[in-house]
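Novice: The following block contains the structure, expressed as structure tokens.
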Amino acid sequence: VQLVLERDERLDLAEAAVHCGSCHTERNEMTGAFTGPPYGGATEFTEVSDPGHVWAPPNITSDPETGRLGRMGEVDFVARFRAGRLLPGSPMPWQGFQRMPDEDLRAIYRFLKTVPAVRRDVGPPVRDAK
């Protein structure tokens, strides 16, 4: 029996379980309110343990030029999560994602493909603080 998740169930998985939008959407630093386009990336936050680094969660929409999912198929998405942490110190919880079932990772991918594409380049994911 194949389980098929409806869009609302995929949204629940992407948001209630793994909180994609919490990091990949621009937020007001004072209030925490979302201020940018959903999943369009965030400009930067300073690494707590190393203030010399800033992180910029990328745009994970399907925009073909600036969005990660614009250049990534479902198989590639699952493989990327299986690969784990590639950037030392990345705040992304790769360890938890590595253990997720393929079905859940595919459901997250399918949900993100339903999100409107956003053309927004937030720069490299990690860089030296200014």
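If you're wondering about the labels, chains in the structure tokens are A, B, ... by order shown, residues count from 1 in each chain, ligands from 1 in order shown.
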Give me, as a ChimeraX atom specification, the residues of segment 49-130 of chain A that a backbone DSSP run labels strand (DSSP E).

Specialist: /A:53-55,126-128

Novice: Output C-alpha atoms for every residue in that selection, as a PDB file, in the first residue's frame.

Specialist:
ATOM      1  CA  HIS A  53      30.781  33.921  10.455  1.00  0.00           C
ATOM      2  CA  VAL A  54      27.340  34.848   9.215  1.00  0.00           C
ATOM      3  CA  TRP A  55      24.872  32.384   7.710  1.00  0.00           C
ATOM      4  CA  VAL A 126      28.161  31.320   4.833  1.00  0.00           C
ATOM      5  CA  ARG A 127      30.604  34.207   4.742  1.00  0.00           C
ATOM      6  CA  ASP A 128      32.902  36.177   7.005  1.00  0.00           C
TER       7      ASP A 128
END

Novice: Would you please give, as a ChimeraX atom specification, all residues of chain A that DSSP assigns to helix (DSSP H, G or I) based on the backbone?

Specialist: /A:7-17,20-24,68-70,74-83,94-98,102-112

Novice: List as a VMD selection string the protein and nucleic acid residues near Val115 of chain A, meaning an atom at most 12 Å away when only C-alpha atoms are counted, but skip any in the same chain fewer than 4 places from it.

Specialist: chain A and resid 7 10 to 11 14 20 to 21 37 to 40 59 to 63 67 69 to 70 108 to 111

Novice: Taking 6 positions as the minimum chain separation for residues in the same chain, which residues sit within 12 Å of Pro101 of chain A when counting only C-alpha atoms? Answer as number ranges by chain.

Specialist: A: 78-79, 81-82, 107-108

Novice: Neighbours of Gly41 of chain A within 10 Å (only C-alpha atoms; same-chain residues fewer than 3 positions away dropped), as a ChimeraX atom specification?

Specialist: /A:21-27,36-38,44,56-61,66-68,118,120-123,125

Novice: Can you write just those residues out, C-alpha atoms, as a short mmCIF file (atom, residue, chain, number, x, y, z; two decimals), in the first residue's frame?

Specialist:
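Wrote out-v3.cif, looks like this:
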data_model
loop_
_atom_site.label_atom_id
_atom_site.label_comp_id
_atom_site.auth_asym_id
_atom_site.auth_seq_id
_atom_site.Cartn_x
_atom_site.Cartn_y
_atom_site.Cartn_z
CA GLY A 21 10.07 28.38 6.77
CA SER A 22 11.43 29.37 10.18
CA CYS A 23 14.96 29.71 8.81
CA HIS A 24 14.37 30.01 5.07
CA THR A 25 12.08 33.06 5.35
CA GLU A 26 13.32 36.56 6.24
CA ARG A 27 12.28 37.63 9.75
CA GLY A 36 10.09 38.20 3.49
CA PRO A 37 8.55 35.97 0.87
CA PRO A 38 7.87 32.43 2.17
CA GLU A 44 21.98 36.63 7.44
CA ALA A 56 22.28 33.10 5.04
CA PRO A 57 19.67 30.35 4.69
CA PRO A 58 19.12 30.01 0.93
CA ASN A 59 16.03 30.52 -1.15
CA ILE A 60 14.42 27.06 -1.33
CA THR A 61 11.70 27.89 -3.85
CA THR A 66 17.95 31.86 -7.40
CA GLY A 67 15.99 29.02 -5.80
CA ARG A 68 17.62 25.78 -4.74
CA VAL A 118 10.59 33.68 -5.57
CA ARG A 120 15.67 36.37 -4.54
CA ASP A 121 19.39 35.80 -4.18
CA VAL A 122 20.54 36.04 -0.57
CA GLY A 123 24.18 35.39 -1.39
CA PRO A 125 25.18 30.43 2.63
#

Novice: Hey, can you check how far atom CA of Arg106 of chain A sits from atom CA of Arg71 of chain A?

Specialist: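 The value is 15.7 Å.
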